[in-house]
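data_16.cif follows (mmCIF, N, CA, C and O atoms):
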```cif
data_upload
loop_
_atom_site.label_atom_id
_atom_site.label_comp_id
_atom_site.auth_asym_id
_atom_site.auth_seq_id
_atom_site.Cartn_x
_atom_site.Cartn_y
_atom_site.Cartn_z
N MET Z 197 -1.77 -24.18 4.15
CA MET Z 197 -2.01 -23.59 5.45
C MET Z 197 -1.16 -22.34 5.64
O MET Z 197 -1.64 -21.35 6.17
N ALA Z 198 0.09 -22.40 5.19
CA ALA Z 198 0.96 -21.24 5.34
C ALA Z 198 0.46 -20.07 4.49
O ALA Z 198 0.57 -18.92 4.89
N ASN Z 199 -0.09 -20.38 3.29
CA ASN Z 199 -0.61 -19.31 2.43
C ASN Z 199 -1.79 -18.60 3.07
O ASN Z 199 -1.95 -17.39 2.92
N HIS Z 200 -2.61 -19.35 3.79
CA HIS Z 200 -3.74 -18.74 4.47
C HIS Z 200 -3.25 -17.80 5.56
O HIS Z 200 -3.79 -16.70 5.74
N ARG Z 201 -2.21 -18.19 6.27
CA ARG Z 201 -1.65 -17.34 7.32
C ARG Z 201 -1.05 -16.08 6.73
O ARG Z 201 -1.26 -14.98 7.24
N ILE Z 202 -0.31 -16.21 5.65
CA ILE Z 202 0.27 -15.05 4.98
C ILE Z 202 -0.84 -14.12 4.51
O ILE Z 202 -0.72 -12.89 4.61
N GLY Z 203 -1.92 -14.67 3.99
CA GLY Z 203 -3.06 -13.86 3.55
C GLY Z 203 -3.66 -13.05 4.69
O GLY Z 203 -3.98 -11.87 4.53
N ARG Z 204 -3.81 -13.69 5.84
CA ARG Z 204 -4.34 -12.97 7.01
C ARG Z 204 -3.39 -11.89 7.48
O ARG Z 204 -3.81 -10.78 7.85
N ILE Z 205 -2.10 -12.17 7.46
CA ILE Z 205 -1.10 -11.17 7.85
C ILE Z 205 -1.12 -10.00 6.88
O ILE Z 205 -1.06 -8.84 7.29
N ASN Z 206 -1.24 -10.30 5.57
CA ASN Z 206 -1.32 -9.23 4.57
C ASN Z 206 -2.53 -8.33 4.83
O ASN Z 206 -2.43 -7.10 4.73
N GLU Z 207 -3.66 -8.92 5.17
CA GLU Z 207 -4.86 -8.13 5.45
C GLU Z 207 -4.68 -7.26 6.69
O GLU Z 207 -5.11 -6.10 6.71
N GLU Z 208 -4.05 -7.81 7.72
CA GLU Z 208 -3.82 -7.04 8.94
C GLU Z 208 -2.86 -5.87 8.69
O GLU Z 208 -3.08 -4.77 9.17
N ILE Z 209 -1.80 -6.14 7.93
CA ILE Z 209 -0.85 -5.07 7.61
C ILE Z 209 -1.54 -3.99 6.79
O ILE Z 209 -1.36 -2.80 7.04
N GLN Z 210 -2.38 -4.40 5.83
CA GLN Z 210 -3.10 -3.43 5.01
C GLN Z 210 -4.02 -2.57 5.87
O GLN Z 210 -4.07 -1.35 5.72
N ARG Z 211 -4.71 -3.19 6.80
CA ARG Z 211 -5.64 -2.46 7.67
C ARG Z 211 -4.87 -1.46 8.55
O ARG Z 211 -5.28 -0.30 8.68
N GLU Z 212 -3.76 -1.89 9.14
CA GLU Z 212 -2.98 -1.01 10.00
C GLU Z 212 -2.35 0.15 9.21
O GLU Z 212 -2.37 1.29 9.66
N LEU Z 213 -1.81 -0.16 8.04
CA LEU Z 213 -1.18 0.90 7.25
C LEU Z 213 -2.21 1.91 6.76
O LEU Z 213 -1.92 3.10 6.69
N SER Z 214 -3.41 1.44 6.42
CA SER Z 214 -4.46 2.37 5.98
C SER Z 214 -4.77 3.38 7.08
O SER Z 214 -5.00 4.56 6.80
N ALA Z 215 -4.77 2.92 8.31
CA ALA Z 215 -5.04 3.82 9.43
C ALA Z 215 -3.84 4.72 9.74
O ALA Z 215 -4.01 5.90 10.06
N CYS Z 216 -2.64 4.17 9.62
CA CYS Z 216 -1.44 4.92 10.01
C CYS Z 216 -1.01 5.95 8.97
O CYS Z 216 -0.38 6.95 9.33
N ILE Z 217 -1.34 5.75 7.71
CA ILE Z 217 -0.94 6.71 6.67
C ILE Z 217 -1.57 8.07 6.93
O ILE Z 217 -0.97 9.11 6.64
N ARG Z 218 -2.74 8.07 7.52
CA ARG Z 218 -3.40 9.35 7.82
C ARG Z 218 -2.66 10.15 8.89
O ARG Z 218 -2.84 11.36 8.99
N THR Z 219 -1.84 9.46 9.69
CA THR Z 219 -1.14 10.14 10.78
C THR Z 219 0.27 10.59 10.39
O THR Z 219 0.95 11.18 11.22
N VAL Z 220 0.68 10.32 9.16
CA VAL Z 220 2.02 10.72 8.71
C VAL Z 220 2.07 12.24 8.63
O VAL Z 220 1.19 12.87 8.05
N LYS Z 221 3.10 12.82 9.21
CA LYS Z 221 3.21 14.28 9.26
C LYS Z 221 3.98 14.88 8.10
O LYS Z 221 4.14 16.09 8.03
N ASP Z 222 4.46 14.05 7.20
CA ASP Z 222 5.18 14.55 6.03
C ASP Z 222 4.20 15.31 5.14
O ASP Z 222 3.16 14.78 4.76
N PRO Z 223 4.49 16.57 4.81
CA PRO Z 223 3.55 17.35 4.00
C PRO Z 223 3.36 16.82 2.58
O PRO Z 223 2.39 17.15 1.93
N ARG Z 224 4.28 15.98 2.12
CA ARG Z 224 4.13 15.41 0.78
C ARG Z 224 3.04 14.36 0.73
O ARG Z 224 2.46 14.10 -0.33
N VAL Z 225 2.75 13.73 1.87
CA VAL Z 225 1.72 12.70 1.93
C VAL Z 225 0.41 13.37 2.30
O VAL Z 225 0.07 13.54 3.46
N GLN Z 226 -0.32 13.76 1.27
CA GLN Z 226 -1.60 14.43 1.47
C GLN Z 226 -2.56 13.98 0.39
O GLN Z 226 -2.17 13.33 -0.57
N GLY Z 227 -3.80 14.33 0.55
CA GLY Z 227 -4.81 13.90 -0.42
C GLY Z 227 -5.29 12.50 -0.09
O GLY Z 227 -5.06 11.96 0.99
N LEU Z 228 -5.97 11.92 -1.05
CA LEU Z 228 -6.54 10.58 -0.86
C LEU Z 228 -5.49 9.54 -1.25
O LEU Z 228 -5.22 9.31 -2.42
N VAL Z 229 -4.89 8.92 -0.25
CA VAL Z 229 -3.90 7.87 -0.43
C VAL Z 229 -4.48 6.62 0.21
O VAL Z 229 -4.80 6.62 1.40
N SER Z 230 -4.62 5.55 -0.57
CA SER Z 230 -5.19 4.33 -0.01
C SER Z 230 -4.31 3.14 -0.33
O SER Z 230 -3.70 3.06 -1.39
N VAL Z 231 -4.25 2.22 0.61
CA VAL Z 231 -3.49 0.99 0.45
C VAL Z 231 -4.42 -0.03 -0.20
O VAL Z 231 -5.45 -0.40 0.36
N THR Z 232 -4.07 -0.46 -1.41
CA THR Z 232 -4.94 -1.39 -2.14
C THR Z 232 -4.59 -2.85 -1.89
O THR Z 232 -5.47 -3.70 -1.91
N ALA Z 233 -3.33 -3.15 -1.65
CA ALA Z 233 -2.92 -4.53 -1.40
C ALA Z 233 -1.56 -4.56 -0.71
O ALA Z 233 -0.81 -3.59 -0.77
N VAL Z 234 -1.28 -5.68 -0.08
CA VAL Z 234 0.02 -5.91 0.55
C VAL Z 234 0.45 -7.33 0.22
O VAL Z 234 -0.35 -8.26 0.32
N GLU Z 235 1.70 -7.49 -0.19
CA GLU Z 235 2.27 -8.82 -0.43
C GLU Z 235 3.49 -8.96 0.48
O GLU Z 235 4.45 -8.21 0.36
N THR Z 236 3.43 -9.94 1.36
CA THR Z 236 4.51 -10.18 2.30
C THR Z 236 5.28 -11.42 1.87
O THR Z 236 4.70 -12.40 1.42
N THR Z 237 6.60 -11.38 2.01
CA THR Z 237 7.40 -12.56 1.70
C THR Z 237 7.12 -13.63 2.75
O THR Z 237 6.69 -13.33 3.87
N PRO Z 238 7.33 -14.89 2.41
CA PRO Z 238 7.03 -15.98 3.36
C PRO Z 238 7.80 -15.89 4.68
O PRO Z 238 7.30 -16.34 5.71
N ASP Z 239 8.98 -15.28 4.68
CA ASP Z 239 9.73 -15.16 5.93
C ASP Z 239 9.37 -13.88 6.70
O ASP Z 239 9.97 -13.62 7.75
N LEU Z 240 8.42 -13.12 6.21
CA LEU Z 240 7.91 -11.89 6.86
C LEU Z 240 8.97 -10.82 7.03
O LEU Z 240 8.86 -9.96 7.90
N ARG Z 241 9.98 -10.81 6.19
CA ARG Z 241 11.02 -9.80 6.28
C ARG Z 241 10.69 -8.55 5.47
O ARG Z 241 11.09 -7.45 5.82
N TYR Z 242 9.99 -8.72 4.36
CA TYR Z 242 9.67 -7.61 3.47
C TYR Z 242 8.18 -7.63 3.13
O TYR Z 242 7.58 -8.70 2.99
N ALA Z 243 7.61 -6.46 2.96
CA ALA Z 243 6.22 -6.33 2.54
C ALA Z 243 6.16 -5.30 1.42
O ALA Z 243 6.63 -4.18 1.56
N LYS Z 244 5.60 -5.70 0.30
CA LYS Z 244 5.39 -4.80 -0.82
C LYS Z 244 3.99 -4.21 -0.66
O LYS Z 244 3.00 -4.94 -0.63
N VAL Z 245 3.92 -2.90 -0.52
CA VAL Z 245 2.67 -2.20 -0.25
C VAL Z 245 2.25 -1.47 -1.51
O VAL Z 245 2.96 -0.59 -1.99
N TYR Z 246 1.09 -1.84 -2.05
CA TYR Z 246 0.56 -1.19 -3.24
C TYR Z 246 -0.33 -0.04 -2.81
O TYR Z 246 -1.27 -0.22 -2.02
N VAL Z 247 -0.03 1.16 -3.32
CA VAL Z 247 -0.70 2.38 -2.90
C VAL Z 247 -1.36 3.03 -4.11
O VAL Z 247 -0.74 3.18 -5.17
N SER Z 248 -2.62 3.42 -3.93
CA SER Z 248 -3.35 4.14 -4.96
C SER Z 248 -3.47 5.60 -4.54
O SER Z 248 -3.85 5.89 -3.40
N ILE Z 249 -3.13 6.50 -5.46
CA ILE Z 249 -3.14 7.94 -5.18
C ILE Z 249 -4.13 8.60 -6.12
O ILE Z 249 -4.03 8.43 -7.34
N LEU Z 250 -5.06 9.35 -5.56
CA LEU Z 250 -6.12 9.94 -6.37
C LEU Z 250 -5.58 11.03 -7.30
O LEU Z 250 -5.92 11.06 -8.48
N GLU Z 251 -4.75 11.90 -6.80
CA GLU Z 251 -4.23 13.00 -7.61
C GLU Z 251 -2.97 12.55 -8.33
O GLU Z 251 -1.90 12.45 -7.74
N ARG Z 252 -3.08 12.28 -9.63
CA ARG Z 252 -1.99 11.71 -10.41
C ARG Z 252 -0.77 12.64 -10.48
O ARG Z 252 0.35 12.18 -10.51
N GLU Z 253 -1.00 13.94 -10.52
CA GLU Z 253 0.13 14.87 -10.66
C GLU Z 253 0.98 14.94 -9.40
O GLU Z 253 2.16 15.29 -9.46
N LYS Z 254 0.42 14.58 -8.25
CA LYS Z 254 1.18 14.61 -7.01
C LYS Z 254 1.75 13.24 -6.64
O LYS Z 254 2.39 13.10 -5.59
N ALA Z 255 1.54 12.24 -7.47
CA ALA Z 255 1.94 10.88 -7.14
C ALA Z 255 3.43 10.72 -6.86
O ALA Z 255 3.80 10.06 -5.88
N PRO Z 256 4.34 11.30 -7.67
CA PRO Z 256 5.77 11.12 -7.36
C PRO Z 256 6.17 11.70 -6.00
O PRO Z 256 6.94 11.08 -5.27
N GLU Z 257 5.61 12.84 -5.65
CA GLU Z 257 5.93 13.45 -4.35
C GLU Z 257 5.36 12.63 -3.20
O GLU Z 257 6.00 12.48 -2.16
N VAL Z 258 4.15 12.10 -3.39
CA VAL Z 258 3.53 11.28 -2.35
C VAL Z 258 4.36 10.01 -2.14
O VAL Z 258 4.60 9.59 -1.00
N MET Z 259 4.84 9.41 -3.22
CA MET Z 259 5.65 8.19 -3.10
C MET Z 259 6.97 8.49 -2.37
O MET Z 259 7.41 7.70 -1.54
N LYS Z 260 7.57 9.65 -2.65
CA LYS Z 260 8.80 10.04 -1.94
C LYS Z 260 8.51 10.22 -0.45
O LYS Z 260 9.30 9.82 0.39
N GLY Z 261 7.37 10.84 -0.14
CA GLY Z 261 6.99 11.03 1.25
C GLY Z 261 6.74 9.72 1.97
O GLY Z 261 7.12 9.55 3.13
N LEU Z 262 6.11 8.76 1.28
CA LEU Z 262 5.86 7.46 1.90
C LEU Z 262 7.17 6.70 2.13
O LEU Z 262 7.34 6.06 3.17
N LYS Z 263 8.09 6.78 1.18
CA LYS Z 263 9.38 6.12 1.37
C LYS Z 263 10.14 6.76 2.53
O LYS Z 263 10.82 6.06 3.29
N SER Z 264 9.99 8.05 2.68
CA SER Z 264 10.63 8.75 3.79
C SER Z 264 10.01 8.35 5.12
O SER Z 264 10.70 8.26 6.14
N ALA Z 265 8.72 8.10 5.14
CA ALA Z 265 8.00 7.76 6.37
C ALA Z 265 7.94 6.26 6.62
O ALA Z 265 7.25 5.81 7.55
N ALA Z 266 8.68 5.46 5.86
CA ALA Z 266 8.62 4.00 5.98
C ALA Z 266 9.05 3.54 7.37
O ALA Z 266 8.47 2.60 7.92
N GLY Z 267 10.03 4.18 7.96
CA GLY Z 267 10.48 3.81 9.30
C GLY Z 267 9.40 4.03 10.34
O GLY Z 267 9.17 3.18 11.22
N TYR Z 268 8.74 5.16 10.26
CA TYR Z 268 7.63 5.46 11.18
C TYR Z 268 6.51 4.44 11.01
O TYR Z 268 5.99 3.91 12.00
N LEU Z 269 6.15 4.16 9.77
CA LEU Z 269 5.06 3.21 9.53
C LEU Z 269 5.44 1.81 9.98
O LEU Z 269 4.60 1.06 10.50
N ARG Z 270 6.69 1.45 9.80
CA ARG Z 270 7.14 0.13 10.26
C ARG Z 270 7.06 0.04 11.79
O ARG Z 270 6.66 -0.98 12.34
N ARG Z 271 7.43 1.11 12.47
CA ARG Z 271 7.33 1.13 13.92
C ARG Z 271 5.88 1.01 14.37
O ARG Z 271 5.59 0.36 15.37
N GLU Z 272 4.97 1.62 13.62
CA GLU Z 272 3.55 1.53 13.96
C GLU Z 272 3.00 0.12 13.76
O GLU Z 272 2.03 -0.27 14.39
N LEU Z 273 3.63 -0.64 12.86
CA LEU Z 273 3.19 -2.02 12.63
C LEU Z 273 3.59 -2.97 13.75
O LEU Z 273 3.17 -4.12 13.77
N ALA Z 274 4.39 -2.50 14.70
CA ALA Z 274 4.83 -3.35 15.80
C ALA Z 274 3.67 -3.82 16.67
O ALA Z 274 3.81 -4.81 17.39
N VAL Z 275 2.52 -3.15 16.59
CA VAL Z 275 1.36 -3.57 17.38
C VAL Z 275 0.83 -4.92 16.93
O VAL Z 275 0.09 -5.58 17.66
N LEU Z 276 1.22 -5.38 15.74
CA LEU Z 276 0.75 -6.67 15.24
C LEU Z 276 1.45 -7.83 15.93
O LEU Z 276 1.00 -8.97 15.81
N ALA Z 277 2.55 -7.59 16.63
CA ALA Z 277 3.27 -8.60 17.39
C ALA Z 277 3.69 -9.78 16.52
O ALA Z 277 3.51 -10.93 16.88
N LEU Z 278 4.26 -9.47 15.36
CA LEU Z 278 4.83 -10.51 14.52
C LEU Z 278 6.27 -10.78 14.98
O LEU Z 278 6.87 -9.95 15.65
N ARG Z 279 6.81 -11.91 14.58
CA ARG Z 279 8.19 -12.22 14.95
C ARG Z 279 9.12 -11.17 14.35
O ARG Z 279 10.03 -10.68 15.00
N TYR Z 280 8.90 -10.84 13.08
CA TYR Z 280 9.67 -9.79 12.41
C TYR Z 280 8.69 -8.75 11.90
O TYR Z 280 7.69 -9.09 11.28
N THR Z 281 9.01 -7.51 12.13
CA THR Z 281 8.22 -6.44 11.52
C THR Z 281 8.81 -6.21 10.14
O THR Z 281 9.98 -5.87 10.01
N PRO Z 282 8.03 -6.40 9.08
CA PRO Z 282 8.59 -6.35 7.72
C PRO Z 282 9.03 -4.95 7.31
O PRO Z 282 8.45 -3.95 7.74
N GLU Z 283 10.07 -4.92 6.49
CA GLU Z 283 10.48 -3.66 5.87
C GLU Z 283 9.48 -3.36 4.76
O GLU Z 283 9.07 -4.25 4.02
N LEU Z 284 9.09 -2.11 4.63
CA LEU Z 284 8.04 -1.72 3.70
C LEU Z 284 8.64 -1.19 2.41
O LEU Z 284 9.52 -0.33 2.42
N VAL Z 285 8.13 -1.71 1.30
CA VAL Z 285 8.50 -1.24 -0.03
C VAL Z 285 7.21 -0.76 -0.68
O VAL Z 285 6.28 -1.54 -0.86
N PHE Z 286 7.15 0.53 -1.00
CA PHE Z 286 5.94 1.11 -1.56
C PHE Z 286 5.98 1.08 -3.08
O PHE Z 286 6.98 1.42 -3.70
N VAL Z 287 4.85 0.65 -3.68
CA VAL Z 287 4.71 0.56 -5.13
C VAL Z 287 3.40 1.27 -5.49
O VAL Z 287 2.37 1.03 -4.86
N GLN Z 288 3.47 2.12 -6.50
CA GLN Z 288 2.26 2.83 -6.92
C GLN Z 288 1.37 1.87 -7.70
O GLN Z 288 1.80 1.20 -8.64
N ASP Z 289 0.11 1.79 -7.32
CA ASP Z 289 -0.86 0.90 -7.94
C ASP Z 289 -1.76 1.73 -8.86
O ASP Z 289 -2.48 2.61 -8.41
N ASP Z 290 -1.69 1.44 -10.13
CA ASP Z 290 -2.52 2.17 -11.09
C ASP Z 290 -3.60 1.28 -11.70
O ASP Z 290 -4.11 1.56 -12.77
N SER Z 291 -3.99 0.23 -11.00
CA SER Z 291 -4.99 -0.68 -11.52
C SER Z 291 -6.37 -0.02 -11.62
O SER Z 291 -7.16 -0.37 -12.50
N ILE Z 292 -6.65 0.94 -10.76
CA ILE Z 292 -7.94 1.64 -10.82
C ILE Z 292 -8.02 2.46 -12.11
O ILE Z 292 -9.04 2.47 -12.79
N ASP Z 293 -6.92 3.12 -12.47
CA ASP Z 293 -6.89 3.88 -13.72
C ASP Z 293 -7.02 2.97 -14.93
O ASP Z 293 -7.71 3.29 -15.90
N LYS Z 294 -6.37 1.83 -14.88
CA LYS Z 294 -6.47 0.87 -15.99
C LYS Z 294 -7.90 0.35 -16.12
O LYS Z 294 -8.40 0.18 -17.23
N GLY Z 295 -8.53 0.08 -14.99
CA GLY Z 295 -9.92 -0.38 -15.01
C GLY Z 295 -10.86 0.67 -15.58
O GLY Z 295 -11.77 0.36 -16.35
N ALA Z 296 -10.64 1.93 -15.23
CA ALA Z 296 -11.46 3.02 -15.76
C ALA Z 296 -11.24 3.17 -17.26
O ALA Z 296 -12.20 3.41 -18.02
N HIS Z 297 -10.00 2.99 -17.71
CA HIS Z 297 -9.69 3.08 -19.13
C HIS Z 297 -10.39 1.95 -19.91
O HIS Z 297 -10.99 2.19 -20.97
N ILE Z 298 -10.37 0.75 -19.37
CA ILE Z 298 -11.03 -0.38 -20.02
C ILE Z 298 -12.54 -0.16 -20.05
O ILE Z 298 -13.20 -0.47 -21.04
N LEU Z 299 -13.09 0.41 -19.00
CA LEU Z 299 -14.52 0.70 -18.95
C LEU Z 299 -14.91 1.70 -20.03
O LEU Z 299 -15.93 1.53 -20.69
N THR Z 300 -14.11 2.74 -20.22
CA THR Z 300 -14.43 3.71 -21.27
C THR Z 300 -14.30 3.07 -22.66
O THR Z 300 -15.11 3.38 -23.55
N LEU Z 301 -13.34 2.18 -22.83
CA LEU Z 301 -13.23 1.47 -24.12
C LEU Z 301 -14.45 0.61 -24.37
O LEU Z 301 -14.97 0.56 -25.50
N LEU Z 302 -14.94 -0.08 -23.36
CA LEU Z 302 -16.12 -0.91 -23.51
C LEU Z 302 -17.37 -0.08 -23.79
O LEU Z 302 -18.24 -0.49 -24.57
N GLU Z 303 -17.47 1.08 -23.16
CA GLU Z 303 -18.61 1.96 -23.40
C GLU Z 303 -18.58 2.49 -24.83
O GLU Z 303 -19.63 2.69 -25.44
N ASN Z 304 -17.40 2.76 -25.35
CA ASN Z 304 -17.28 3.26 -26.72
C ASN Z 304 -17.60 2.18 -27.76
O ASN Z 304 -17.97 2.50 -28.88
N LEU Z 305 -17.48 0.90 -27.39
CA LEU Z 305 -17.84 -0.18 -28.29
C LEU Z 305 -19.34 -0.20 -28.58
O LEU Z 305 -19.77 -0.56 -29.67
N ASP Z 306 -20.14 0.18 -27.60
CA ASP Z 306 -21.59 0.19 -27.77
C ASP Z 306 -22.04 1.24 -28.78
O ASP Z 306 -23.09 1.10 -29.40
N LYS Z 307 -21.28 2.28 -28.95
CA LYS Z 307 -21.68 3.37 -29.83
C LYS Z 307 -21.34 3.03 -31.21
O LYS Z 307 -21.39 2.78 -32.16
#
```

Go ahead and render the structure in this file as structure tokens.
Amino acid sequence: MANHRIGRINEEIQRELSACIRTVKDPRVQGLVSVTAVETTPDLRYAKVYVSILEREKAPEVMKGLKSAAGYLRRELAVLALRYTPELVFVQDDSIDKGAHILTLLENLDK
């Protein structure tokens, strides 16, 4: 039962962060930045936010900008009315690139 609740909270945090990232005024956070997943600790103190960035060459700067804007984004999460608003830890998610690489390998097998 607790896992189901954590899952719903993760989805809500992901939805809110996806909307709030567009409002970040840091010039480093630009381009297509999407939140792919959120993992919250059971005590709701920390949330690991997986972020996918379309432009690979700008990824380090975007990650620095997101870490800088973590306080603003955490304040925006207060609308969820959780007991604790989790501290955000941003992690770059490269699973889309890995999936594309595996797809090209599979396509090359047919040839």

Return as JSON the box centre and box size in Å, one decimal, for an axis-aligned box around all listed atoms of segment 227-230 of chain Z padded by 6 Å per side.
```
{"center_x": -5.1, "center_y": 8.7, "center_z": -0.5, "size_x": 14.8, "size_y": 23.3, "size_z": 15.8}
```

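Shortest separation to Val231 of chain Z among Z:Leu269, Z:Leu276, Z:Ile249, Z:Ile298 occurs at residue Z:Ile249, atoms counted being all atoms listed in the file.
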
Contacts of segment 216-230 of chain Z at 8 Å (all atoms listed in the file; same-chain gap of 5+ positions) as a ChimeraX atom specification: /Z:209-211,245-251,254-262,264-265,268-269,272,287,289

Can I get the selected residues back with N, CA, C and O atoms, as an mmCIF file, keeping the file's coordinate frame?
```cif
data_model
loop_
_atom_site.group_PDB
_atom_site.id
_atom_site.type_symbol
_atom_site.label_atom_id
_atom_site.label_comp_id
_atom_site.auth_asym_id
_atom_site.auth_seq_id
_atom_site.Cartn_x
_atom_site.Cartn_y
_atom_site.Cartn_z
ATOM 1 N N ILE Z 209 -1.800 -6.140 7.930
ATOM 2 C CA ILE Z 209 -0.850 -5.070 7.610
ATOM 3 C C ILE Z 209 -1.540 -3.990 6.790
ATOM 4 O O ILE Z 209 -1.360 -2.800 7.040
ATOM 5 N N GLN Z 210 -2.380 -4.400 5.830
ATOM 6 C CA GLN Z 210 -3.100 -3.430 5.010
ATOM 7 C C GLN Z 210 -4.020 -2.570 5.870
ATOM 8 O O GLN Z 210 -4.070 -1.350 5.720
ATOM 9 N N ARG Z 211 -4.710 -3.190 6.800
ATOM 10 C CA ARG Z 211 -5.640 -2.460 7.670
ATOM 11 C C ARG Z 211 -4.870 -1.460 8.550
ATOM 12 O O ARG Z 211 -5.280 -0.300 8.680
ATOM 13 N N VAL Z 245 3.920 -2.900 -0.520
ATOM 14 C CA VAL Z 245 2.670 -2.200 -0.250
ATOM 15 C C VAL Z 245 2.250 -1.470 -1.510
ATOM 16 O O VAL Z 245 2.960 -0.590 -1.990
ATOM 17 N N TYR Z 246 1.090 -1.840 -2.050
ATOM 18 C CA TYR Z 246 0.560 -1.190 -3.240
ATOM 19 C C TYR Z 246 -0.330 -0.040 -2.810
ATOM 20 O O TYR Z 246 -1.270 -0.220 -2.020
ATOM 21 N N VAL Z 247 -0.030 1.160 -3.320
ATOM 22 C CA VAL Z 247 -0.700 2.380 -2.900
ATOM 23 C C VAL Z 247 -1.360 3.030 -4.110
ATOM 24 O O VAL Z 247 -0.740 3.180 -5.170
ATOM 25 N N SER Z 248 -2.620 3.420 -3.930
ATOM 26 C CA SER Z 248 -3.350 4.140 -4.960
ATOM 27 C C SER Z 248 -3.470 5.600 -4.540
ATOM 28 O O SER Z 248 -3.850 5.890 -3.400
ATOM 29 N N ILE Z 249 -3.130 6.500 -5.460
ATOM 30 C CA ILE Z 249 -3.140 7.940 -5.180
ATOM 31 C C ILE Z 249 -4.130 8.600 -6.120
ATOM 32 O O ILE Z 249 -4.030 8.430 -7.340
ATOM 33 N N LEU Z 250 -5.060 9.350 -5.560
ATOM 34 C CA LEU Z 250 -6.120 9.940 -6.370
ATOM 35 C C LEU Z 250 -5.580 11.030 -7.300
ATOM 36 O O LEU Z 250 -5.920 11.060 -8.480
ATOM 37 N N GLU Z 251 -4.750 11.900 -6.800
ATOM 38 C CA GLU Z 251 -4.230 13.000 -7.610
ATOM 39 C C GLU Z 251 -2.970 12.550 -8.330
ATOM 40 O O GLU Z 251 -1.900 12.450 -7.740
ATOM 41 N N LYS Z 254 0.420 14.580 -8.250
ATOM 42 C CA LYS Z 254 1.180 14.610 -7.010
ATOM 43 C C LYS Z 254 1.750 13.240 -6.640
ATOM 44 O O LYS Z 254 2.390 13.100 -5.590
ATOM 45 N N ALA Z 255 1.540 12.240 -7.470
ATOM 46 C CA ALA Z 255 1.940 10.880 -7.140
ATOM 47 C C ALA Z 255 3.430 10.720 -6.860
ATOM 48 O O ALA Z 255 3.800 10.060 -5.880
ATOM 49 N N PRO Z 256 4.340 11.300 -7.670
ATOM 50 C CA PRO Z 256 5.770 11.120 -7.360
ATOM 51 C C PRO Z 256 6.170 11.700 -6.000
ATOM 52 O O PRO Z 256 6.940 11.080 -5.270
ATOM 53 N N GLU Z 257 5.610 12.840 -5.650
ATOM 54 C CA GLU Z 257 5.930 13.450 -4.350
ATOM 55 C C GLU Z 257 5.360 12.630 -3.200
ATOM 56 O O GLU Z 257 6.000 12.480 -2.160
ATOM 57 N N VAL Z 258 4.150 12.100 -3.390
ATOM 58 C CA VAL Z 258 3.530 11.280 -2.350
ATOM 59 C C VAL Z 258 4.360 10.010 -2.140
ATOM 60 O O VAL Z 258 4.600 9.590 -1.000
ATOM 61 N N MET Z 259 4.840 9.410 -3.220
ATOM 62 C CA MET Z 259 5.650 8.190 -3.100
ATOM 63 C C MET Z 259 6.970 8.490 -2.370
ATOM 64 O O MET Z 259 7.410 7.700 -1.540
ATOM 65 N N LYS Z 260 7.570 9.650 -2.650
ATOM 66 C CA LYS Z 260 8.800 10.040 -1.940
ATOM 67 C C LYS Z 260 8.510 10.220 -0.450
ATOM 68 O O LYS Z 260 9.300 9.820 0.390
ATOM 69 N N GLY Z 261 7.370 10.840 -0.140
ATOM 70 C CA GLY Z 261 6.990 11.030 1.250
ATOM 71 C C GLY Z 261 6.740 9.720 1.970
ATOM 72 O O GLY Z 261 7.120 9.550 3.130
ATOM 73 N N LEU Z 262 6.110 8.760 1.280
ATOM 74 C CA LEU Z 262 5.860 7.460 1.900
ATOM 75 C C LEU Z 262 7.170 6.700 2.130
ATOM 76 O O LEU Z 262 7.340 6.060 3.170
ATOM 77 N N SER Z 264 9.990 8.050 2.680
ATOM 78 C CA SER Z 264 10.630 8.750 3.790
ATOM 79 C C SER Z 264 10.010 8.350 5.120
ATOM 80 O O SER Z 264 10.700 8.260 6.140
ATOM 81 N N ALA Z 265 8.720 8.100 5.140
ATOM 82 C CA ALA Z 265 8.000 7.760 6.370
ATOM 83 C C ALA Z 265 7.940 6.260 6.620
ATOM 84 O O ALA Z 265 7.250 5.810 7.550
ATOM 85 N N TYR Z 268 8.740 5.160 10.260
ATOM 86 C CA TYR Z 268 7.630 5.460 11.180
ATOM 87 C C TYR Z 268 6.510 4.440 11.010
ATOM 88 O O TYR Z 268 5.990 3.910 12.000
ATOM 89 N N LEU Z 269 6.150 4.160 9.770
ATOM 90 C CA LEU Z 269 5.060 3.210 9.530
ATOM 91 C C LEU Z 269 5.440 1.810 9.980
ATOM 92 O O LEU Z 269 4.600 1.060 10.500
ATOM 93 N N GLU Z 272 4.970 1.620 13.620
ATOM 94 C CA GLU Z 272 3.550 1.530 13.960
ATOM 95 C C GLU Z 272 3.000 0.120 13.760
ATOM 96 O O GLU Z 272 2.030 -0.270 14.390
ATOM 97 N N VAL Z 287 4.850 0.650 -3.680
ATOM 98 C CA VAL Z 287 4.710 0.560 -5.130
ATOM 99 C C VAL Z 287 3.400 1.270 -5.490
ATOM 100 O O VAL Z 287 2.370 1.030 -4.860
ATOM 101 N N ASP Z 289 0.110 1.790 -7.320
ATOM 102 C CA ASP Z 289 -0.860 0.900 -7.940
ATOM 103 C C ASP Z 289 -1.760 1.730 -8.860
ATOM 104 O O ASP Z 289 -2.480 2.610 -8.410
#
```

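Atom CA of Arg241 of chain Z to atom CA of Ala215 of chain Z spans 21.3 Å [interatomic distance, one decimal].
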
Neighbour list for segment 278-283 of chain Z as an MDAnalysis selection string, cut-off 10 Å, only C-alpha atoms, skip fewer than 5 positions in-chain: chainID Z and resid 205 209 236:237 239:244 266:267 269:273

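In this model, the gap between atom O of Gln288 of chain Z and atom C of Leu305 of chain Z comes to 29.1 Å.
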
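Atom CA of Pro238 of chain Z is positioned 7.0 Å from atom CA of Ile202 of chain Z.
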
Members of chain Z assigned strand (DSSP E or B) by DSSP, as number ranges by chain: Z: 229-236, 242-249, 283-288

Those of chain Z in DSSP alpha helix (DSSP H), formatted as an MDAnalysis selection string: chainID Z and resid 198:217 255:264 266:272 291:306

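Counting only N, CA, C and O atoms and comparing Z:Asn206, Z:Ala277, Z:His297, Z:Lys263, the residue that lies closest to Val234 of chain Z is Z:Asn206.
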